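Next comes start-v4.pdb, with PDB, C-alpha atoms, pLDDT in the B column.
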```
ATOM      1  CA  MET A   1      90.323 -36.912  43.069  1.00 95.00           C
ATOM      2  CA  TYR A   2      89.099 -40.382  44.023  1.00 96.00           C
ATOM      3  CA  ARG A   3      90.741 -43.734  44.468  1.00 97.00           C
ATOM      4  CA  TYR A   4      89.007 -46.516  42.576  1.00 97.00           C
ATOM      5  CA  GLU A   5      88.025 -48.137  45.898  1.00 97.00           C
ATOM      6  CA  ALA A   6      86.323 -44.908  47.033  1.00 97.00           C
ATOM      7  CA  VAL A   7      84.182 -44.880  43.890  1.00 97.00           C
ATOM      8  CA  VAL A   8      83.233 -48.536  44.438  1.00 97.00           C
ATOM      9  CA  ASP A   9      82.422 -47.825  48.100  1.00 97.00           C
ATOM     10  CA  ARG A  10      79.682 -45.454  46.917  1.00 96.00           C
ATOM     11  CA  LEU A  11      77.877 -48.243  45.051  1.00 97.00           C
ATOM     12  CA  ASP A  12      74.890 -50.036  46.512  1.00 96.00           C
ATOM     13  CA  ILE A  13      74.603 -53.834  46.400  1.00 97.00           C
ATOM     14  CA  GLU A  14      72.802 -53.845  43.044  1.00 97.00           C
ATOM     15  CA  ASP A  15      75.376 -51.575  41.407  1.00 97.00           C
ATOM     16  CA  ARG A  16      78.265 -53.612  42.867  1.00 96.00           C
ATOM     17  CA  SER A  17      76.687 -56.705  41.355  1.00 96.00           C
ATOM     18  CA  ARG A  18      76.410 -54.945  37.987  1.00 97.00           C
ATOM     19  CA  LEU A  19      80.056 -53.845  38.222  1.00 97.00           C
ATOM     20  CA  ALA A  20      81.094 -57.434  39.029  1.00 95.00           C
ATOM     21  CA  GLU A  21      79.286 -58.622  35.888  1.00 96.00           C
ATOM     22  CA  VAL A  22      81.023 -55.966  33.796  1.00 96.00           C
ATOM     23  CA  THR A  23      84.481 -56.835  35.152  1.00 95.00           C
ATOM     24  CA  ALA A  24      83.818 -60.550  34.592  1.00 94.00           C
ATOM     25  CA  ASP A  25      82.828 -59.796  30.990  1.00 95.00           C
ATOM     26  CA  LEU A  26      85.909 -57.601  30.512  1.00 95.00           C
ATOM     27  CA  ALA A  27      88.175 -60.373  31.792  1.00 93.00           C
ATOM     28  CA  ARG A  28      86.960 -62.574  28.936  1.00 93.00           C
ATOM     29  CA  VAL A  29      87.647 -59.952  26.253  1.00 91.00           C
ATOM     30  CA  ASP A  30      90.945 -59.918  24.384  1.00 92.00           C
ATOM     31  CA  LEU A  31      92.113 -56.523  25.641  1.00 94.00           C
ATOM     32  CA  PRO A  32      95.211 -55.518  27.583  1.00 94.00           C
ATOM     33  CA  LEU A  33      94.672 -55.541  31.363  1.00 93.00           C
ATOM     34  CA  SER A  34      95.202 -51.772  31.476  1.00 94.00           C
ATOM     35  CA  GLU A  35      92.341 -51.228  29.013  1.00 96.00           C
ATOM     36  CA  GLN A  36      90.093 -53.659  30.900  1.00 96.00           C
ATOM     37  CA  CYS A  37      90.784 -51.713  34.110  1.00 96.00           C
ATOM     38  CA  ARG A  38      90.113 -48.385  32.391  1.00 96.00           C
ATOM     39  CA  LEU A  39      86.742 -49.617  31.139  1.00 97.00           C
ATOM     40  CA  ALA A  40      85.851 -51.051  34.561  1.00 97.00           C
ATOM     41  CA  THR A  41      86.757 -47.732  36.182  1.00 97.00           C
ATOM     42  CA  GLN A  42      84.594 -45.903  33.654  1.00 96.00           C
ATOM     43  CA  GLU A  43      81.664 -48.203  34.533  1.00 97.00           C
ATOM     44  CA  ALA A  44      82.235 -47.792  38.278  1.00 97.00           C
ATOM     45  CA  TRP A  45      82.195 -44.020  37.810  1.00 97.00           C
ATOM     46  CA  ARG A  46      78.962 -44.180  35.818  1.00 96.00           C
ATOM     47  CA  LEU A  47      77.307 -46.402  38.425  1.00 97.00           C
ATOM     48  CA  SER A  48      78.459 -44.144  41.282  1.00 97.00           C
ATOM     49  CA  ARG A  49      76.434 -41.227  39.891  1.00 96.00           C
ATOM     50  CA  LEU A  50      79.232 -38.861  40.889  1.00 95.00           C
ATOM     51  CA  SER A  51      79.664 -35.815  38.701  1.00 91.00           C
ATOM     52  CA  GLY A  52      82.827 -34.595  37.073  1.00 84.00           C
ATOM     53  CA  PRO A  53      85.255 -33.460  36.094  1.00 92.00           C
ATOM     54  CA  ALA A  54      87.251 -35.732  38.383  1.00 94.00           C
ATOM     55  CA  ILE A  55      90.304 -37.921  38.520  1.00 96.00           C
ATOM     56  CA  VAL A  56      90.014 -41.573  39.535  1.00 97.00           C
ATOM     57  CA  THR A  57      93.301 -43.251  40.403  1.00 97.00           C
ATOM     58  CA  GLY A  58      93.961 -46.966  40.414  1.00 96.00           C
ATOM     59  CA  PHE A  59      96.180 -49.677  39.017  1.00 95.00           C
ATOM     60  CA  GLY A  60      95.940 -51.419  35.686  1.00 93.00           C
ATOM     61  CA  SER A  61      98.650 -54.055  35.698  1.00 89.00           C
ATOM     62  CA  MET A  62     100.196 -56.959  37.556  1.00 85.00           C
ATOM     63  CA  PRO A  63     102.037 -55.649  40.625  1.00 85.00           C
ATOM     64  CA  TYR A  64     105.766 -56.154  40.773  1.00 83.00           C
ATOM     65  CA  LEU A  65     106.625 -55.584  44.421  1.00 81.00           C
ATOM     66  CA  ALA A  66     109.975 -54.170  45.492  1.00 81.00           C
ATOM     67  CA  THR A  67     112.353 -56.751  46.927  1.00 83.00           C
ATOM     68  CA  SER A  68     115.201 -56.381  49.359  1.00 85.00           C
ATOM     69  CA  LEU A  69     117.297 -58.711  51.444  1.00 88.00           C
ATOM     70  CA  SER A  70     116.087 -59.125  55.017  1.00 89.00           C
ATOM     71  CA  ASP A  71     118.125 -59.718  58.154  1.00 92.00           C
ATOM     72  CA  ALA A  72     117.394 -63.455  58.045  1.00 91.00           C
ATOM     73  CA  PRO A  73     120.563 -65.619  58.209  1.00 93.00           C
ATOM     74  CA  GLY A  74     120.332 -66.798  54.577  1.00 92.00           C
ATOM     75  CA  ALA A  75     119.810 -63.271  53.298  1.00 93.00           C
ATOM     76  CA  ARG A  76     122.688 -61.911  55.388  1.00 94.00           C
ATOM     77  CA  ARG A  77     124.953 -64.661  54.055  1.00 94.00           C
ATOM     78  CA  LEU A  78     123.984 -63.934  50.440  1.00 94.00           C
ATOM     79  CA  LYS A  79     124.592 -60.215  50.948  1.00 94.00           C
ATOM     80  CA  THR A  80     127.995 -60.853  52.543  1.00 94.00           C
ATOM     81  CA  ILE A  81     129.103 -63.109  49.681  1.00 95.00           C
ATOM     82  CA  VAL A  82     127.979 -60.696  46.980  1.00 95.00           C
ATOM     83  CA  LYS A  83     129.523 -57.653  48.674  1.00 95.00           C
ATOM     84  CA  ARG A  84     132.834 -59.523  49.072  1.00 95.00           C
ATOM     85  CA  LEU A  85     132.863 -60.484  45.385  1.00 95.00           C
ATOM     86  CA  ALA A  86     131.958 -56.919  44.388  1.00 94.00           C
ATOM     87  CA  THR A  87     134.812 -55.556  46.519  1.00 95.00           C
ATOM     88  CA  GLU A  88     137.226 -57.999  44.864  1.00 95.00           C
ATOM     89  CA  SER A  89     135.692 -57.658  41.379  1.00 94.00           C
ATOM     90  CA  ALA A  90     138.469 -55.592  39.810  1.00 94.00           C
ATOM     91  CA  ALA A  91     141.055 -58.233  40.716  1.00 95.00           C
ATOM     92  CA  LEU A  92     138.802 -61.230  40.015  1.00 94.00           C
ATOM     93  CA  TYR A  93     137.090 -60.143  36.808  1.00 94.00           C
ATOM     94  CA  GLY A  94     139.011 -57.132  35.491  1.00 93.00           C
ATOM     95  CA  THR A  95     136.017 -54.849  35.948  1.00 92.00           C
ATOM     96  CA  THR A  96     134.289 -53.125  38.813  1.00 92.00           C
ATOM     97  CA  ILE A  97     130.974 -54.478  40.026  1.00 92.00           C
ATOM     98  CA  THR A  98     128.800 -52.574  42.459  1.00 91.00           C
ATOM     99  CA  CYS A  99     125.852 -53.540  44.629  1.00 90.00           C
ATOM    100  CA  THR A 100     122.687 -51.529  45.017  1.00 86.00           C
ATOM    101  CA  ASP A 101     119.999 -52.197  47.588  1.00 82.00           C
ATOM    102  CA  TYR A 102     117.165 -51.480  45.191  1.00 77.00           C
ATOM    103  CA  PHE A 103     116.562 -52.618  41.620  1.00 72.00           C
ATOM    104  CA  ALA A 104     114.582 -49.930  39.799  1.00 70.00           C
ATOM    105  CA  GLY A 105     113.296 -52.167  37.011  1.00 72.00           C
ATOM    106  CA  ILE A 106     110.504 -54.680  36.724  1.00 75.00           C
ATOM    107  CA  SER A 107     111.703 -58.175  37.497  1.00 78.00           C
ATOM    108  CA  ASP A 108     110.417 -61.627  38.326  1.00 77.00           C
ATOM    109  CA  MET A 109     112.406 -61.174  41.535  1.00 79.00           C
ATOM    110  CA  SER A 110     109.166 -59.635  42.806  1.00 79.00           C
ATOM    111  CA  PHE A 111     107.608 -63.085  43.030  1.00 80.00           C
ATOM    112  CA  PHE A 112     110.627 -64.934  44.444  1.00 82.00           C
ATOM    113  CA  GLY A 113     112.320 -62.364  46.626  1.00 82.00           C
ATOM    114  CA  GLU A 114     111.658 -61.111  50.110  1.00 82.00           C
ATOM    115  CA  VAL A 115     108.958 -58.474  49.855  1.00 80.00           C
ATOM    116  CA  ALA A 116     106.822 -56.428  52.180  1.00 75.00           C
ATOM    117  CA  ALA A 117     103.396 -57.631  51.063  1.00 75.00           C
ATOM    118  CA  ASP A 118     101.529 -55.591  53.651  1.00 77.00           C
ATOM    119  CA  GLY A 119     100.548 -53.009  51.017  1.00 76.00           C
ATOM    120  CA  LEU A 120      99.180 -55.602  48.613  1.00 84.00           C
ATOM    121  CA  ASP A 121      95.629 -55.299  49.949  1.00 86.00           C
ATOM    122  CA  ILE A 122      95.372 -51.648  48.858  1.00 90.00           C
ATOM    123  CA  VAL A 123      96.725 -52.606  45.432  1.00 90.00           C
ATOM    124  CA  GLY A 124      93.995 -55.230  45.113  1.00 89.00           C
ATOM    125  CA  ARG A 125      91.238 -52.832  46.205  1.00 93.00           C
ATOM    126  CA  ASN A 126      92.368 -50.323  43.597  1.00 95.00           C
ATOM    127  CA  THR A 127      92.926 -52.682  40.658  1.00 94.00           C
ATOM    128  CA  PRO A 128      89.523 -53.001  38.961  1.00 95.00           C
ATOM    129  CA  LEU A 129      90.174 -56.485  37.542  1.00 93.00           C
ATOM    130  CA  TRP A 130      92.133 -57.776  40.539  1.00 91.00           C
ATOM    131  CA  THR A 131      89.970 -60.865  41.001  1.00 86.00           C
ATOM    132  CA  GLN A 132      89.075 -61.627  37.386  1.00 85.00           C
ATOM    133  CA  GLY A 133      92.068 -60.329  35.432  1.00 84.00           C
ATOM    134  CA  VAL A 134      95.114 -60.542  37.666  1.00 83.00           C
ATOM    135  CA  ARG A 135      94.219 -63.759  39.483  1.00 74.00           C
ATOM    136  CA  TRP A 136      96.646 -63.164  42.337  1.00 76.00           C
ATOM    137  CA  PRO A 137      96.663 -66.198  44.664  1.00 73.00           C
ATOM    138  CA  LYS A 138      94.994 -65.585  48.024  1.00 70.00           C
ATOM    139  CA  THR A 139      97.861 -67.316  49.868  1.00 69.00           C
ATOM    140  CA  HIS A 140     101.488 -68.166  49.132  1.00 63.00           C
ATOM    141  CA  ALA A 141     101.726 -65.813  46.165  1.00 69.00           C
ATOM    142  CA  LEU A 142     105.238 -64.766  47.126  1.00 75.00           C
ATOM    143  CA  ALA A 143     108.113 -67.144  47.795  1.00 80.00           C
ATOM    144  CA  ASN A 144     110.038 -64.831  50.178  1.00 82.00           C
ATOM    145  CA  ILE A 145     113.363 -66.423  49.251  1.00 86.00           C
ATOM    146  CA  PRO A 146     116.492 -64.266  49.571  1.00 90.00           C
ATOM    147  CA  THR A 147     116.906 -63.134  45.959  1.00 88.00           C
ATOM    148  CA  ILE A 148     119.259 -60.789  44.129  1.00 89.00           C
ATOM    149  CA  ASN A 149     119.505 -59.687  40.529  1.00 87.00           C
ATOM    150  CA  ILE A 150     122.857 -60.368  38.912  1.00 88.00           C
ATOM    151  CA  GLY A 151     122.406 -59.520  35.298  1.00 80.00           C
ATOM    152  CA  PRO A 152     123.902 -58.245  32.088  1.00 77.00           C
ATOM    153  CA  TRP A 153     125.260 -54.815  31.461  1.00 80.00           C
ATOM    154  CA  GLY A 154     123.898 -52.696  28.653  1.00 82.00           C
ATOM    155  CA  ARG A 155     121.543 -49.869  27.754  1.00 85.00           C
ATOM    156  CA  ASP A 156     117.914 -49.207  26.858  1.00 86.00           C
ATOM    157  CA  TYR A 157     116.611 -52.481  28.268  1.00 77.00           C
ATOM    158  CA  HIS A 158     113.474 -53.969  26.705  1.00 78.00           C
ATOM    159  CA  THR A 159     113.321 -51.442  23.893  1.00 86.00           C
ATOM    160  CA  PRO A 160     114.141 -51.767  20.175  1.00 91.00           C
ATOM    161  CA  LEU A 161     117.439 -49.988  20.938  1.00 91.00           C
ATOM    162  CA  GLU A 162     118.509 -52.453  23.646  1.00 89.00           C
ATOM    163  CA  ARG A 163     122.235 -53.083  23.672  1.00 91.00           C
ATOM    164  CA  LEU A 164     124.251 -55.681  25.559  1.00 90.00           C
ATOM    165  CA  HIS A 165     127.931 -55.460  26.526  1.00 89.00           C
ATOM    166  CA  ILE A 166     129.100 -58.731  24.946  1.00 91.00           C
ATOM    167  CA  GLY A 167     132.354 -59.040  26.917  1.00 90.00           C
ATOM    168  CA  TYR A 168     130.604 -58.655  30.232  1.00 91.00           C
ATOM    169  CA  ALA A 169     127.626 -60.861  29.322  1.00 91.00           C
ATOM    170  CA  PHE A 170     129.626 -63.802  28.005  1.00 93.00           C
ATOM    171  CA  ASP A 171     132.850 -63.596  30.003  1.00 94.00           C
ATOM    172  CA  VAL A 172     132.410 -61.763  33.308  1.00 94.00           C
ATOM    173  CA  LEU A 173     128.770 -62.521  34.150  1.00 94.00           C
ATOM    174  CA  PRO A 174     129.091 -66.339  33.955  1.00 95.00           C
ATOM    175  CA  ARG A 175     132.125 -66.188  36.271  1.00 96.00           C
ATOM    176  CA  VAL A 176     130.305 -63.934  38.743  1.00 96.00           C
ATOM    177  CA  LEU A 177     127.296 -66.265  38.789  1.00 95.00           C
ATOM    178  CA  SER A 178     129.540 -69.304  39.200  1.00 96.00           C
ATOM    179  CA  ASP A 179     131.457 -67.688  42.066  1.00 96.00           C
ATOM    180  CA  VAL A 180     128.276 -66.623  43.891  1.00 95.00           C
ATOM    181  CA  CYS A 181     126.783 -70.114  43.520  1.00 94.00           C
ATOM    182  CA  ALA A 182     130.013 -71.819  44.622  1.00 96.00           C
ATOM    183  CA  ALA A 183     130.248 -69.593  47.693  1.00 95.00           C
ATOM    184  CA  LEU A 184     126.600 -70.244  48.574  1.00 93.00           C
ATOM    185  CA  LEU A 185     127.030 -73.999  48.172  1.00 93.00           C
ATOM    186  CA  ALA A 186     130.299 -74.132  50.117  1.00 91.00           C
ATOM    187  CA  ASN A 187     130.245 -75.835  53.487  1.00 73.00           C
ATOM    188  CA  GLU A 188     129.723 -73.202  56.169  1.00 63.00           C
ATOM    189  CA  SER A 189     131.707 -75.045  58.851  1.00 42.00           C
TER     190      SER A 189
END
```
In structure tokens, how does this file's structure come out?
Amino acid sequence: MYRYEAVVDRLDIEDRSRLAEVTADLARVDLPLSEQCRLATQEAWRLSRLSGPAIVTGFGSMPYLATSLSDAPGARRLKTIVKRLATESAALYGTTITCTDYFAGISDMSFFGEVAADGLDIVGRNTPLWTQGVRWPKTHALANIPTINIGPWGRDYHTPLERLHIGYAFDVLPRVLSDVCAALLANES
């Protein structure tokens, strides 16, 4: 088994140049990023002159980094407010709301929230179209703003069978969002 970066490391300067041309060409083709990365990996393998069978691992999509609240004052304040509202949720909203420290889905929070970006370099080295296809900014790609996900309640998200709890989405959720915002905007004195 090889990581994509290990296969590329075996290439000489001429073969790396050829691979760069191939990935640049793939970035201009109307194919999903995952397919572009698969084809680039196939070309890197061919150029490496390694023999198979083998497994080459890598990434083929935009990274959505895990977010969590830090110990910074703003993040601690946000967490305190949300936990208080969750504790009082049955009385305030007529339903129980819970907090989790980790959101298991894919969310744009990854680009706004506080993330540990120290592993991003290995993601880039193992994403064949990182430079041409993903176009991740070299600096300031992540906002690192204390961010939480307060969202609807339902089932089978982002599928044809997705369902939304109407009462929660149009009655409870707006009140929760309003209360969190009001508490955050309140004078701290």
Which residues, written as a PyMOL selection string, have at least one atom at most 9 Å from Val115 in chain A, with all atoms listed in the file counted and residues fewer than 2 positions away on the same chain left out?
chain A and resi 65-70+110-113+117-118+142-144
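Picture a line from CA of Leu85 in chain A to CA of Val176 in chain A; it runs 7.9 Å.
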CA of Glu5 in chain A to CA of Val56 in chain A measures 9.4 Å
Would you compute the box with edges along x, y and z of the file around range 81-90 of chain A, including every atom the file lists for it and 4 Å extra on each side, and give its centre and edge lengths in Å to one decimal, as lines of an AutoDock Vina configuration file?
```
center_x = 133.2
center_y = -59.3
center_z = 44.7
size_x = 18.5
size_y = 15.6
size_z = 17.9
```
If you count only C-alpha atoms, which residues fall within 8 Å of range 130-134 of chain A, apart from same-chain ones fewer than 4 positions away, as a list in words?
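Returned residues: Thr23, Ala24, Ala27, Leu33, Ser61, Met62, Gly124 and Arg125 of chain A.
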Please indicate the distance in Å from CA of Trp153 in chain A to CA of Leu184 in chain A, rounded to one decimal place.
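So the answer is 23.1 Å.
The list of residues with at least one atom within 12 Å of Leu92 in chain A, based on only C-alpha atoms and without residues fewer than 2 positions apart in the same chain, reads A:Arg84, A:Leu85, A:Ala86, A:Thr87, A:Glu88, A:Ser89, A:Ala90, A:Gly94, A:Thr95, A:Thr96, A:Ile97, A:Asp171, A:Val172, A:Leu173, A:Arg175, A:Val176, A:Asp179.
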With the PyMOL selection byres ((chain A and resi 45) around 10) as the selection, what would be picked from this file? Answer as a count of residues only, please.
21
Identify which of the residues A:Gly154, A:Gly119, A:Gly58, A:Pro63 lies closest to Met1 in chain A, counting all atoms listed in the file when measuring atom-to-atom distances.
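Of all the options, A:Gly58 lies closest to Met1 in chain A.
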Enumerate, as a PyMOL selection string, the residues matched when the PyMOL selection byres ((chain A and resi 165) around 9) is run on the file above.
chain A and resi 152-155+163-164+166-170
Shortest interatomic distance to Ala75 in chain A - which of A:Val180, A:Ala186, A:Ile13, A:Ile145, counting all atoms listed in the file
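Among the listed residues, the smallest separation from Ala75 in chain A belongs to A:Ile145.
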On this file, the PyMOL selection byres ((chain A and resi 34) around 8) gives some set of residues; write that set as a list in words.
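Applied to this file, the PyMOL selection byres ((chain A and resi 34) around 8) selects Pro32, Leu33, Glu35, Gln36, Cys37, Arg38, Phe59, Gly60 and Ser61 of chain A.
When all atoms listed in the file are used to measure the gap to Asp156 in chain A, the shortest distance among A:Glu21, A:Glu114, A:Gly105, A:Leu120 belongs to A:Gly105.
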Residue nearest Leu129 in chain A among A:Ile106, A:Val22, A:Ala182, A:Leu161 (counting all atoms listed in the file)
A:Val22
Which one is closest to Ala104 in chain A: A:Arg3, A:Asp9, A:Asn149, A:Ala20? Count only C-alpha atoms.
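When distances to Ala104 in chain A are compared using only C-alpha atoms, the smallest one comes from A:Asn149.
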